[in-house]
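Raw contents of start.tsv, TSV, C-alpha atoms and all ligand atoms:
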```tsv
chain	number	residue	atom	x	y	z
O	20	MET	CA	12.57	-36.76	-16.47
O	21	LEU	CA	12.50	-32.99	-16.99
O	22	ARG	CA	15.76	-33.14	-18.87
O	23	ASN	CA	14.21	-35.64	-21.27
O	24	ILE	CA	11.48	-33.24	-22.27
O	25	ARG	CA	13.80	-30.27	-22.63
O	26	LYS	CA	14.21	-30.69	-26.38
O	27	ILE	CA	10.45	-30.94	-26.98
O	28	ILE	CA	9.83	-27.76	-25.03
O	29	GLU	CA	12.66	-25.92	-26.73
O	30	SER	CA	11.37	-26.75	-30.19
O	31	GLN	CA	7.84	-25.80	-29.19
O	32	ILE	CA	8.90	-22.43	-27.84
O	33	TYR	CA	10.59	-21.70	-31.14
O	34	HIS	CA	7.55	-23.02	-32.97
O	35	ILE	CA	5.26	-20.57	-31.21
O	36	GLY	CA	7.77	-17.84	-32.03
O	37	CYS	CA	7.76	-16.31	-28.59
O	38	LYS	CA	9.45	-12.90	-28.38
O	39	GLY	CA	9.58	-12.14	-24.71
O	40	CYS	CA	6.50	-14.38	-24.55
O	41	LYS	CA	4.44	-11.21	-24.95
O	42	GLY	CA	0.74	-11.93	-24.56
O	43	VAL	CA	1.36	-15.68	-24.71
O	44	TYR	CA	1.06	-17.99	-21.80
O	45	PHE	CA	3.09	-21.14	-21.62
O	46	ILE	CA	2.49	-24.14	-19.46
O	47	LEU	CA	4.94	-26.87	-18.80
O	48	PHE	CA	3.68	-30.35	-18.06
O	49	PHE	CA	5.82	-32.72	-20.04
O	50	HIS	CA	4.57	-30.65	-22.96
O	51	LEU	CA	4.20	-27.01	-23.68
O	52	TRP	CA	0.68	-25.70	-23.99
O	53	GLN	CA	-0.82	-22.34	-24.61
O	54	ILE	CA	-3.43	-21.59	-21.96
O	55	ASP	CA	-6.82	-20.34	-23.02
O	56	LEU	CA	-7.44	-17.77	-20.31
O	57	ALA	CA	-11.10	-17.48	-21.24
O	58	GLN	CA	-11.70	-21.13	-20.23
O	59	PRO	CA	-11.42	-22.62	-16.74
O	60	LEU	CA	-7.75	-23.43	-16.14
O	61	ALA	CA	-8.06	-26.57	-14.02
O	62	PRO	CA	-9.24	-28.85	-16.87
O	63	GLN	CA	-6.41	-27.51	-19.05
O	64	GLY	CA	-3.80	-28.51	-16.41
O	65	PRO	CA	-2.20	-29.65	-14.26
O	66	PHE	CA	0.78	-27.37	-14.85
O	67	ASP	CA	4.28	-27.60	-13.39
O	68	ALA	CA	5.07	-24.02	-14.34
O	69	ILE	CA	3.37	-21.09	-16.02
O	70	VAL	CA	5.37	-18.46	-17.88
O	71	HIS	CA	3.32	-15.40	-18.71
O	72	LYS	CA	3.28	-11.73	-19.54
O	73	LEU	CA	-0.12	-10.72	-18.24
O	74	SER	CA	0.77	-7.04	-18.03
O	75	ASP	CA	-1.80	-6.07	-20.69
O	76	VAL	CA	-4.55	-7.92	-18.86
O	77	ILE	CA	-3.56	-6.41	-15.49
O	78	VAL	CA	-3.59	-2.86	-16.90
O	79	GLU	CA	-6.87	-3.40	-18.79
O	80	ALA	CA	-8.50	-4.96	-15.71
O	81	GLU	CA	-8.42	-1.46	-14.17
O	82	HIS	CA	-11.34	-0.48	-16.40
O	83	ASP	CA	-12.47	-3.53	-18.39
O	84	SER	CA	-14.74	-6.20	-16.90
O	85	GLN	CA	-13.71	-8.90	-19.39
O	86	SER	CA	-10.03	-8.52	-18.40
O	87	GLN	CA	-11.09	-8.51	-14.73
O	88	GLN	CA	-12.79	-11.86	-15.35
O	89	LEU	CA	-9.71	-13.33	-17.11
O	90	LEU	CA	-7.49	-12.18	-14.30
O	91	ALA	CA	-9.82	-13.52	-11.61
O	92	ASN	CA	-9.93	-16.89	-13.41
O	93	PHE	CA	-6.12	-16.99	-13.53
O	94	GLU	CA	-5.69	-15.85	-9.91
O	95	SER	CA	-8.15	-18.43	-8.69
O	96	TYR	CA	-6.18	-21.22	-10.39
O	97	VAL	CA	-2.90	-19.92	-8.98
O	98	SER	CA	-4.22	-19.67	-5.44
O	99	THR	CA	-5.68	-23.18	-5.50
O	100	HIS	CA	-2.51	-24.68	-7.05
O	101	PRO	CA	0.29	-23.31	-4.88
O	102	SER	CA	2.79	-25.86	-6.22
O	103	THR	CA	2.57	-24.48	-9.78
O	104	VAL	CA	5.63	-22.33	-10.37
O	105	LEU	CA	4.57	-18.90	-11.62
O	106	LEU	CA	7.00	-16.78	-13.62
O	107	ASP	CA	6.50	-14.18	-12.38
O	108	PRO	CA	4.13	-13.68	-9.42
O	109	LEU	CA	1.29	-11.27	-10.22
O	110	PRO	CA	1.74	-8.87	-7.25
O	111	ALA	CA	5.42	-8.37	-8.12
O	112	MET	CA	4.54	-7.65	-11.74
O	113	THR	CA	1.68	-5.35	-10.82
O	114	ARG	CA	4.03	-3.25	-8.69
O	115	LEU	CA	6.34	-2.64	-11.66
O	116	LEU	CA	3.44	-1.47	-13.83
O	117	ASP	CA	3.39	1.68	-11.73
O	118	ARG	CA	6.39	4.00	-12.19
O	119	PHE	CA	5.65	5.59	-8.79
O	120	ALA	CA	6.35	2.17	-7.23
O	121	SER	CA	9.29	1.14	-9.42
O	122	TYR	CA	11.06	4.51	-9.03
O	123	ARG	CA	10.79	4.21	-5.25
O	124	ILE	CA	12.56	0.85	-5.52
O	125	MET	CA	15.19	2.41	-7.81
O	126	SER	CA	15.81	5.31	-5.47
O	127	LYS	CA	16.55	2.96	-2.55
O	128	LEU	CA	19.32	1.23	-4.53
O	129	HIS	CA	21.52	4.20	-3.75
O	130	ASN	CA	21.57	3.10	-0.07
O	131	SER	CA	21.62	-0.65	-0.46
O	132	LEU	CA	24.37	-0.54	-3.11
O	133	ARG	CA	26.38	2.32	-1.60
O	134	ASP	CA	29.70	0.49	-2.07
O	135	TRP	CA	29.12	0.30	-5.81
O	136	ARG	CA	28.23	3.95	-6.41
O	137	ILE	CA	25.00	2.98	-8.10
O	138	CYS	CA	22.25	5.58	-8.18
O	139	SER	CA	19.08	6.64	-9.95
O	140	PRO	CA	18.26	10.22	-11.00
O	141	PRO	CA	16.20	12.44	-8.67
O	142	TYR	CA	12.52	12.36	-9.61
O	143	LEU	CA	9.13	13.73	-8.63
O	144	GLU	CA	5.76	11.97	-8.62
O	145	VAL	CA	3.08	14.23	-10.07
O	146	HIS	CA	-0.20	12.66	-8.98
O	147	ARG	CA	-2.72	15.06	-10.49
O	148	ALA	CA	-2.99	18.19	-12.59
O	149	SER	CA	-2.38	21.24	-10.44
O	150	ASP	CA	-1.40	24.86	-10.92
O	151	LEU	CA	1.95	25.54	-12.60
O	152	PRO	CA	3.58	27.37	-9.64
O	153	SER	CA	3.03	24.43	-7.29
O	154	ILE	CA	4.55	21.98	-9.79
O	155	GLN	CA	7.51	24.35	-10.30
O	156	GLN	CA	7.95	24.64	-6.56
O	157	ALA	CA	7.85	20.85	-6.09
O	158	VAL	CA	10.47	20.42	-8.84
O	159	MET	CA	12.80	22.86	-7.04
O	160	ALA	CA	12.13	21.34	-3.62
O	161	GLN	CA	12.94	17.85	-4.89
O	162	GLY	CA	16.31	19.06	-6.23
O	163	LEU	CA	15.56	18.16	-9.87
O	164	SER	CA	17.71	19.73	-12.57
O	165	PHE	CA	16.77	20.72	-16.13
O	166	PRO	CA	16.36	19.22	-18.60
O	167	LEU	CA	13.71	16.89	-17.16
O	168	ILE	CA	12.30	13.77	-18.74
O	169	CYS	CA	8.58	13.24	-18.23
O	170	LYS	CA	7.16	9.67	-18.25
O	171	THR	CA	3.61	8.38	-17.74
O	172	ARG	CA	2.75	6.79	-14.39
O	173	VAL	CA	1.61	3.57	-16.11
O	174	ALA	CA	4.77	1.80	-17.22
O	175	HIS	CA	3.30	-0.67	-19.66
O	176	GLY	CA	1.60	-0.52	-23.04
O	177	SER	CA	1.97	1.68	-26.11
O	178	LEU	CA	0.99	4.95	-24.37
O	179	SER	CA	3.56	4.38	-21.65
O	180	HIS	CA	6.41	4.93	-24.11
O	181	GLU	CA	5.26	8.47	-25.00
O	182	MET	CA	7.62	10.85	-23.18
O	183	SER	CA	8.84	14.42	-23.26
O	184	LEU	CA	11.98	16.42	-22.55
O	185	ILE	CA	11.29	19.63	-20.67
O	186	PHE	CA	13.85	22.41	-20.73
O	187	SER	CA	12.44	25.13	-18.46
O	188	ALA	CA	10.09	25.77	-15.55
O	189	GLY	CA	7.61	27.47	-17.92
O	190	SER	CA	7.37	24.32	-20.07
O	191	LEU	CA	6.16	22.29	-17.09
O	192	ALA	CA	2.75	23.38	-18.39
O	193	ASP	CA	3.25	20.66	-21.08
O	194	ILE	CA	3.04	17.70	-18.69
O	195	HIS	CA	-0.02	15.43	-18.38
O	196	PRO	CA	-0.26	13.96	-14.87
O	197	PRO	CA	-0.21	11.37	-13.47
O	198	CYS	CA	3.46	11.18	-14.44
O	199	VAL	CA	7.01	11.23	-13.13
O	200	LEU	CA	9.52	13.99	-13.78
O	201	GLN	CA	13.09	12.74	-13.69
O	202	SER	CA	16.34	14.69	-14.03
O	203	PHE	CA	17.93	14.00	-17.40
O	204	VAL	CA	21.45	12.58	-17.07
O	205	ASN	CA	23.94	13.04	-19.92
O	206	HIS	CA	25.28	9.62	-20.83
O	207	GLY	CA	26.84	9.86	-24.31
O	208	ALA	CA	23.82	8.34	-26.07
O	209	VAL	CA	24.60	4.79	-24.92
O	210	LEU	CA	22.08	2.65	-23.04
O	211	HIS	CA	23.03	-0.62	-21.36
O	212	LYS	CA	20.12	-3.04	-21.16
O	213	VAL	CA	20.59	-5.70	-18.51
O	214	PHE	CA	18.32	-8.67	-19.21
O	215	VAL	CA	17.78	-11.02	-16.26
O	216	VAL	CA	16.69	-14.69	-16.51
O	217	GLY	CA	16.74	-16.37	-13.11
O	218	ASP	CA	20.26	-16.29	-11.76
O	219	LYS	CA	21.77	-15.29	-15.13
O	220	HIS	CA	21.92	-11.87	-16.72
O	221	PHE	CA	23.09	-10.48	-20.04
O	222	CYS	CA	24.12	-6.93	-21.01
O	223	VAL	CA	23.30	-5.47	-24.40
O	224	GLU	CA	24.23	-2.00	-25.68
O	225	ARG	CA	21.57	0.14	-27.34
O	226	PRO	CA	21.28	3.65	-28.82
O	227	SER	CA	19.93	6.26	-26.44
O	228	LEU	CA	19.11	9.96	-26.12
O	229	LYS	CA	21.97	12.33	-26.90
O	230	ASN	CA	23.52	14.80	-24.41
O	231	PHE	CA	21.78	18.13	-23.78
O	232	PRO	CA	23.25	21.27	-22.22
O	233	SER	CA	22.71	21.21	-18.45
O	234	GLY	CA	20.45	23.80	-16.88
O	235	PRO	CA	17.26	25.51	-18.00
O	236	CYS	CA	17.02	27.05	-21.48
O	237	ASP	CA	14.24	28.40	-23.67
O	238	ARG	CA	14.07	25.36	-25.95
O	239	LYS	CA	10.58	23.99	-26.68
O	240	THR	CA	9.50	20.68	-25.14
O	241	ILE	CA	10.52	17.65	-27.23
O	242	PHE	CA	7.86	14.93	-27.40
O	243	PHE	CA	9.10	11.47	-28.40
O	244	ASN	CA	8.37	7.76	-28.15
O	245	SER	CA	11.01	5.82	-26.23
O	246	HIS	CA	10.99	3.06	-28.87
O	247	GLN	CA	12.24	5.66	-31.41
O	248	VAL	CA	15.42	6.07	-29.40
O	249	SER	CA	16.33	2.82	-27.66
O	250	LYS	CA	15.55	-0.09	-29.93
O	251	PRO	CA	18.54	-1.78	-31.63
O	252	GLU	CA	17.69	-0.12	-34.96
O	253	SER	CA	16.83	3.33	-33.52
O	254	SER	CA	18.52	6.22	-35.24
O	255	SER	CA	17.21	9.78	-35.13
O	256	ASP	CA	18.21	13.37	-34.43
O	257	LEU	CA	17.61	12.57	-30.78
O	258	THR	CA	20.24	9.83	-30.69
O	259	ALA	CA	22.98	11.51	-32.78
O	260	LEU	CA	25.50	13.29	-30.52
O	261	ASP	CA	26.09	16.95	-31.43
O	262	GLU	CA	29.69	16.82	-30.23
O	263	GLN	CA	32.61	14.38	-30.32
O	264	MET	CA	33.21	12.74	-26.99
O	265	PRO	CA	35.51	9.99	-25.73
O	266	CYS	CA	33.98	6.54	-25.27
O	267	LEU	CA	32.71	5.94	-21.75
O	268	PRO	CA	33.82	2.88	-19.79
O	269	PRO	CA	31.19	0.10	-19.82
O	270	PRO	CA	29.44	-0.54	-16.49
O	271	SER	CA	31.62	-2.57	-14.12
O	272	SER	CA	30.52	-6.19	-14.29
O	273	GLN	CA	30.84	-6.57	-10.50
O	274	ALA	CA	28.59	-3.55	-9.99
O	275	VAL	CA	26.01	-4.97	-12.42
O	276	ASP	CA	26.20	-8.35	-10.61
O	277	ALA	CA	25.51	-6.59	-7.32
O	278	LEU	CA	22.66	-4.58	-8.85
O	279	VAL	CA	20.97	-7.66	-10.30
O	280	ARG	CA	21.41	-9.61	-7.04
O	281	GLU	CA	19.77	-6.82	-5.08
O	282	LEU	CA	16.91	-6.34	-7.53
O	283	ARG	CA	16.11	-10.06	-7.67
O	284	VAL	CA	15.51	-9.95	-3.94
O	285	GLN	CA	13.69	-6.59	-3.93
O	286	LEU	CA	11.42	-7.52	-6.83
O	287	GLY	CA	10.90	-11.23	-6.16
O	288	MET	CA	11.02	-11.78	-9.91
O	289	ALA	CA	13.09	-13.92	-12.28
O	290	LEU	CA	12.32	-12.32	-15.65
O	291	PHE	CA	13.03	-8.61	-15.77
O	292	GLY	CA	15.21	-5.97	-17.40
O	293	VAL	CA	17.14	-3.02	-15.98
O	294	ASP	CA	18.11	0.00	-18.09
O	295	VAL	CA	21.41	1.52	-17.04
O	296	ILE	CA	23.37	4.56	-18.23
O	297	ILE	CA	26.80	5.93	-17.31
O	298	ASN	CA	26.90	9.58	-16.24
O	299	ILE	CA	29.47	11.28	-18.53
O	300	HIS	CA	30.77	13.53	-15.74
O	301	THR	CA	30.94	11.20	-12.74
O	302	HIS	CA	30.98	7.79	-14.52
O	303	THR	CA	28.34	6.71	-11.98
O	304	LEU	CA	26.24	3.72	-12.96
O	305	THR	CA	22.72	5.18	-13.10
O	306	VAL	CA	19.53	3.07	-13.16
O	307	ILE	CA	16.74	4.72	-15.18
O	308	ASP	CA	14.13	1.99	-15.71
O	309	ILE	CA	13.07	-1.52	-14.69
O	310	ASN	CA	11.03	-3.63	-17.13
O	311	ILE	CA	8.77	-6.64	-16.70
O	312	PHE	CA	9.64	-9.58	-18.99
O	313	PRO	CA	11.39	-7.53	-21.70
O	314	GLY	CA	12.09	-8.57	-25.30
O	315	TYR	CA	15.59	-10.09	-24.66
O	316	GLU	CA	16.57	-8.94	-28.14
O	317	GLY	CA	20.27	-9.63	-28.66
O	318	VAL	CA	20.30	-12.46	-26.09
O	319	PRO	CA	20.47	-15.71	-28.06
O	320	GLN	CA	20.87	-17.63	-24.79
O	321	PHE	CA	17.43	-16.51	-23.60
O	322	PHE	CA	15.50	-19.74	-24.26
O	323	SER	CA	18.13	-22.10	-22.89
O	324	SER	CA	18.53	-19.88	-19.80
O	325	LEU	CA	14.76	-19.83	-19.28
O	326	LEU	CA	14.62	-23.63	-19.47
O	327	ASN	CA	17.57	-23.96	-17.09
O	328	HIS	CA	15.83	-21.67	-14.64
O	329	ILE	CA	12.53	-23.56	-14.82
O	330	GLU	CA	14.38	-26.87	-14.38
O	331	SER	CA	16.26	-25.63	-11.36
O	332	VAL	CA	13.12	-24.23	-9.68
O	333	LEU	CA	11.25	-27.50	-10.29
O	334	ASP	CA	14.20	-29.58	-9.10
O	335	LYS	CA	14.35	-27.55	-5.89
O	336	GLN	CA	10.64	-27.98	-5.40
O	337	THR	CA	10.89	-31.76	-5.89
O	338	SER	CA	13.71	-32.09	-3.38
O	339	THR	CA	11.86	-29.92	-0.82
O	340	THR	CA	8.71	-32.04	-1.21
O	341	SER	CA	10.61	-35.31	-0.80
O	342	SER	CA	12.53	-34.09	2.25
O	343	LEU	CA	9.25	-32.91	3.78
O	344	LYS	CA	7.76	-36.35	3.17
O	345	THR	CA	10.76	-37.95	4.92
O	346	THR	CA	10.71	-35.63	7.93
O	347	THR	CA	6.92	-35.78	8.38
O	348	GLY	CA	6.88	-39.56	7.96
O	349	GLY	CA	5.00	-39.55	4.67
O	350	PRO	CA	4.28	-42.80	2.82
O	351	PRO	CA	7.37	-44.80	1.79
O	352	ALA	CA	8.38	-44.52	-1.87
O	353	GLY	CA	6.34	-46.78	-4.11
O	354	LEU	CA	3.16	-46.65	-2.04
G	1	LIG	N1	16.87	10.07	-16.58
G	1	LIG	C1	17.26	9.87	-17.83
G	1	LIG	N2	18.36	10.49	-18.30
G	1	LIG	C2	18.77	10.32	-19.57
G	1	LIG	N3	18.10	9.58	-20.47
G	1	LIG	C3	16.99	8.96	-20.08
G	1	LIG	C4	16.52	9.06	-18.74
G	1	LIG	N4	15.39	8.33	-18.64
G	1	LIG	C5	15.18	7.80	-19.85
G	1	LIG	N5	16.13	8.17	-20.72
G	1	LIG	C6	16.17	7.84	-22.14
G	1	LIG	O1	14.84	7.60	-22.56
G	1	LIG	C7	14.69	6.24	-22.99
G	1	LIG	C8	13.36	5.70	-22.53
G	1	LIG	O2	13.25	5.73	-21.13
G	1	LIG	P1	12.64	4.52	-20.29
G	1	LIG	O3	13.57	3.36	-20.38
G	1	LIG	O4	12.29	4.99	-18.96
G	1	LIG	O5	11.32	4.28	-21.15
G	1	LIG	P2	10.44	3.01	-21.42
G	1	LIG	O6	9.49	3.34	-22.46
G	1	LIG	O7	9.91	2.53	-20.12
G	1	LIG	O8	11.50	1.99	-21.97
G	1	LIG	P3	11.36	0.43	-22.31
G	1	LIG	O9	11.45	0.33	-23.78
G	1	LIG	O10	12.59	-0.10	-21.63
G	1	LIG	O11	10.09	-0.04	-21.71
G	1	LIG	C9	15.87	5.51	-22.41
G	1	LIG	O12	16.19	4.41	-23.17
G	1	LIG	C10	16.96	6.59	-22.48
G	1	LIG	O13	17.42	6.75	-23.81
G	2	LIG	O1	5.51	-2.49	-24.31
G	2	LIG	P1	5.53	-3.07	-22.93
G	2	LIG	O2	4.61	-4.16	-22.71
G	2	LIG	O3	5.60	-2.04	-21.87
G	2	LIG	O4	6.90	-3.87	-22.75
G	2	LIG	C1	8.04	-3.47	-23.39
G	2	LIG	C2	9.14	-3.30	-22.34
G	2	LIG	O5	8.81	-2.21	-21.51
G	2	LIG	C3	10.43	-3.01	-23.05
G	2	LIG	O6	11.45	-3.00	-22.08
G	2	LIG	C4	10.77	-4.05	-24.08
G	2	LIG	O7	11.84	-3.56	-24.86
G	2	LIG	P2	13.33	-3.99	-24.61
G	2	LIG	O8	13.43	-5.46	-24.72
G	2	LIG	O9	13.98	-3.20	-25.69
G	2	LIG	O10	13.65	-3.51	-23.22
G	2	LIG	C5	9.65	-4.25	-25.07
G	2	LIG	O11	10.05	-5.35	-25.85
G	2	LIG	P3	9.61	-5.61	-27.33
G	2	LIG	O12	9.34	-4.27	-27.97
G	2	LIG	O13	10.81	-6.31	-27.85
G	2	LIG	O14	8.42	-6.46	-27.19
G	2	LIG	C6	8.39	-4.58	-24.37
G	2	LIG	O15	8.56	-5.79	-23.68
G	3	MG	MG	13.62	1.48	-20.73
```

The structure given in the file should be rewritten as structure tokens.
Amino acid sequence: MLRNIRKIIESQIYHIGCKGCKGVYFILFFHLWQIDLAQPLAPQGPFDAIVHKLSDVIVEAEHDSQSQQLLANFESYVSTHPSTVLLDPLPAMTRLLDRFASYRIMSKLHNSLRDWRICSPPYLEVHRASDLPSIQQAVMAQGLSFPLICKTRVAHGSLSHEMSLIFSAGSLADIHPPCVLQSFVNHGAVLHKVFVVGDKHFCVERPSLKNFPSGPCDRKTIFFNSHQVSKPESSSDLTALDEQMPCLPPPSSQAVDALVRELRVQLGMALFGVDVIINIHTHTLTVIDINIFPGYEGVPQFFSSLLNHIESVLDKQTSTTSSLKTTTGGPPAGL
């Protein structure tokens, strides 16, 4: 039956013009509907599956009572309808909204994926504004190396893409906690975006920040927006290499497979992105960012993969329910 409605859903997704389904909530029940979060959800259902990107609402709910209400309404529906498939679960998404949490996950990959030489750069969580010497000391103690890249603690929303490159201990005065400081890794200005949809993933190359001389120097802090440097069309002084360098090998596909397999389990999510770079000196695959429900730009298979994933989750659910009915002596079919 689900296969029969596949075409309808596909055309409706295109009709709505979903790009990463940002801010749009889809429900699947033989048809595709857009949920009105401001209204009670039960009368709008029932829903087989909900695909959402509620990151904005989750972040705003920290300080805005209207968003708190929307979220509470949504959570109450989800908890009273456990059979509705939710892509993705709210707690898993909420965790990734906090770079302190997502960078802890990234830093553990080094152990769990030891055989693949996958790592993430050393970083420091800066929780609150404090005096410059203690921040400088913490940077040294954590083994960070200049230049450093400074990113906001909140990982979602327009402000979260405002970053800076810090070239010396003195310039640490430029940071605005709460934030993370991460060692900058030279990678030849190439970013590999890994877009995950259920058990499939797709790699797309993007522009990225150019190489900088290693070690501290007296250069002023560079403030930039990450979307200026890593969107498909990005081109700026920050992405143009100053020197000629040989092409780096692309990330090994087996290593990326292993990385995605591990992250699926760690995150408990089906729709996410991983940003990967290759260290120009060691050729180590280095994970620098994990994204909730990214834009999937450059992945024409996104919609069909999403539908395949939803179908397979619903199929599994149906077979589990029917085997439960058989083993617990539920009513015979047709009654
Ligand atoms: N540790 C690092 N070393 C080298 N370059 C980095 C590092 N971290 C980030 N970058 C560069 O900065 C860009 C933005 O970083 P990051 O992906 O963390 O930001 P973001 O705003 O969360 O990105 P997204 O658009 O994926 O949400 C990357 O695409 C890459 O060019
Ligand atoms: O602005 P927030 O809500 O934080 O989310 C962004 C993600 O962090 C980015 O990863 C997405 O860009 P990419 O699809 O280029 O990774 C970006 O995709 P978009 O710019 O194509 O919408 C957003 O999904
Ligand atoms: Mg990124």

As a VMD selection string, please: the residues near Ile137 (chain O) (cut-off 12 Å, only C-alpha atoms, same-chain neighbours under 5 positions excluded).
chain O and resid 125 to 132 270 to 271 273 to 279 281 295 to 298 301 to 307

Please identify the residues whose atoms come within 8 Å of ligand MG 3 (chain G), using all atoms listed in the file, and report them as a list in words.
Lys212, Ser245, Ser249, Val293, Asp294, Ile307, Asp308, Ile309 and Asn310 of chain O

How would you report the residues lying within 9 Å of ligand LIG 1 (chain G), as a ChimeraX atom specification, if you count only C-alpha atoms and all ligand atoms?
/O:118,139-142,166-171,174-182,200-206,208-212,225-230,244-250,258,292-296,298,305-311,313

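Distance check against ligand LIG 2 (chain G) using only C-alpha atoms and all ligand atoms: of O:Ser255, O:Gln320, O:Ser338, O:Ser74, the minimum falls on O:Ser74.
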
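The two atoms in question, CA of Ile69 (chain O) and CA of Thr103 (chain O), are spaced 7.1 Å apart.
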
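Among the candidates O:Leu89, O:Val284, O:Ile124, O:Ser153, the one nearest to Asp75 (chain O) when counting only C-alpha atoms is O:Leu89.
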
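Shortest separation to ligand LIG 2 (chain G) among O:Pro101, O:Gly317, O:Pro197, O:Pro269 occurs at residue O:Gly317, atoms counted being all atoms listed in the file.
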
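Between CA of Phe291 (chain O) and atom C1 of ligand LIG 2 (chain G) there is a distance of 10.5 Å.
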
Distance of CA of Leu191 (chain O) from CA of Ala160 (chain O), expressed in Å to one decimal place
14.8 Å

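Nearest residue to ligand LIG 2 (chain G), choosing from O:Glu262, O:Asp150, O:Asp117, O:Asp237 and counting only C-alpha atoms and all ligand atoms: O:Asp117.
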
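Distances here use only C-alpha atoms and all ligand atoms; by that measure, the residue among O:Phe312, O:Tyr122, O:Phe231, O:Phe66 closest to ligand LIG 2 (chain G) is O:Phe312.
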
Within 9 Å of (8.1, 23.5, -12.8), in the coordinates the file gives, what residues turn up when you count all atoms listed in the file, written out as number ranges by chain?
O: 151-159, 187-192

Kindly add N, CA, C and O atoms to the incomplete region 172-185 of chain O and provide the output as a PDB file, keeping the file's coordinate frame.
```pdb
ATOM      1  N   ARG O 172       2.722   7.627 -15.600  1.00  0.00           N
ATOM      2  CA  ARG O 172       2.750   6.790 -14.390  1.00  0.00           C
ATOM      3  C   ARG O 172       2.660   5.311 -14.751  1.00  0.00           C
ATOM      4  O   ARG O 172       3.398   4.487 -14.213  1.00  0.00           O
ATOM      5  N   VAL O 173       1.748   4.977 -15.682  1.00  0.00           N
ATOM      6  CA  VAL O 173       1.610   3.570 -16.110  1.00  0.00           C
ATOM      7  C   VAL O 173       2.830   3.212 -16.950  1.00  0.00           C
ATOM      8  O   VAL O 173       3.163   3.908 -17.907  1.00  0.00           O
ATOM      9  N   ALA O 174       3.485   2.116 -16.582  1.00  0.00           N
ATOM     10  CA  ALA O 174       4.770   1.800 -17.220  1.00  0.00           C
ATOM     11  C   ALA O 174       4.644   0.805 -18.358  1.00  0.00           C
ATOM     12  O   ALA O 174       5.641   0.411 -18.943  1.00  0.00           O
ATOM     13  N   HIS O 175       3.439   0.377 -18.654  1.00  0.00           N
ATOM     14  CA  HIS O 175       3.300  -0.670 -19.660  1.00  0.00           C
ATOM     15  C   HIS O 175       2.284  -0.296 -20.730  1.00  0.00           C
ATOM     16  O   HIS O 175       1.318   0.396 -20.454  1.00  0.00           O
ATOM     17  N   GLY O 176       2.544  -0.766 -21.949  1.00  0.00           N
ATOM     18  CA  GLY O 176       1.600  -0.520 -23.040  1.00  0.00           C
ATOM     19  C   GLY O 176       2.082   0.610 -23.926  1.00  0.00           C
ATOM     20  O   GLY O 176       2.995   1.355 -23.561  1.00  0.00           O
ATOM     21  N   SER O 177       1.443   0.743 -25.103  1.00  0.00           N
ATOM     22  CA  SER O 177       1.970   1.680 -26.110  1.00  0.00           C
ATOM     23  C   SER O 177       2.018   3.123 -25.591  1.00  0.00           C
ATOM     24  O   SER O 177       2.989   3.840 -25.841  1.00  0.00           O
ATOM     25  N   LEU O 178       1.004   3.549 -24.836  1.00  0.00           N
ATOM     26  CA  LEU O 178       0.990   4.950 -24.370  1.00  0.00           C
ATOM     27  C   LEU O 178       2.121   5.236 -23.387  1.00  0.00           C
ATOM     28  O   LEU O 178       2.598   6.371 -23.269  1.00  0.00           O
ATOM     29  N   SER O 179       2.553   4.183 -22.696  1.00  0.00           N
ATOM     30  CA  SER O 179       3.560   4.380 -21.650  1.00  0.00           C
ATOM     31  C   SER O 179       4.926   4.764 -22.222  1.00  0.00           C
ATOM     32  O   SER O 179       5.812   5.186 -21.489  1.00  0.00           O
ATOM     33  N   HIS O 180       5.115   4.595 -23.516  1.00  0.00           N
ATOM     34  CA  HIS O 180       6.410   4.930 -24.110  1.00  0.00           C
ATOM     35  C   HIS O 180       6.445   6.359 -24.669  1.00  0.00           C
ATOM     36  O   HIS O 180       7.450   6.789 -25.216  1.00  0.00           O
ATOM     37  N   GLU O 181       5.310   7.066 -24.562  1.00  0.00           N
ATOM     38  CA  GLU O 181       5.260   8.470 -25.000  1.00  0.00           C
ATOM     39  C   GLU O 181       5.849   9.348 -23.897  1.00  0.00           C
ATOM     40  O   GLU O 181       5.343   9.354 -22.776  1.00  0.00           O
ATOM     41  N   MET O 182       6.915  10.069 -24.207  1.00  0.00           N
ATOM     42  CA  MET O 182       7.620  10.850 -23.180  1.00  0.00           C
ATOM     43  C   MET O 182       7.918  12.250 -23.685  1.00  0.00           C
ATOM     44  O   MET O 182       7.732  12.533 -24.877  1.00  0.00           O
ATOM     45  N   SER O 183       8.426  13.094 -22.794  1.00  0.00           N
ATOM     46  CA  SER O 183       8.840  14.420 -23.260  1.00  0.00           C
ATOM     47  C   SER O 183      10.073  14.888 -22.503  1.00  0.00           C
ATOM     48  O   SER O 183      10.345  14.433 -21.382  1.00  0.00           O
ATOM     49  N   LEU O 184      10.803  15.789 -23.161  1.00  0.00           N
ATOM     50  CA  LEU O 184      11.980  16.420 -22.550  1.00  0.00           C
ATOM     51  C   LEU O 184      11.615  17.868 -22.312  1.00  0.00           C
ATOM     52  O   LEU O 184      11.220  18.576 -23.249  1.00  0.00           O
ATOM     53  N   ILE O 185      11.741  18.302 -21.074  1.00  0.00           N
ATOM     54  CA  ILE O 185      11.290  19.630 -20.670  1.00  0.00           C
ATOM     55  C   ILE O 185      12.498  20.467 -20.270  1.00  0.00           C
ATOM     56  O   ILE O 185      13.310  20.024 -19.451  1.00  0.00           O
TER      57      ILE O 185
END
```
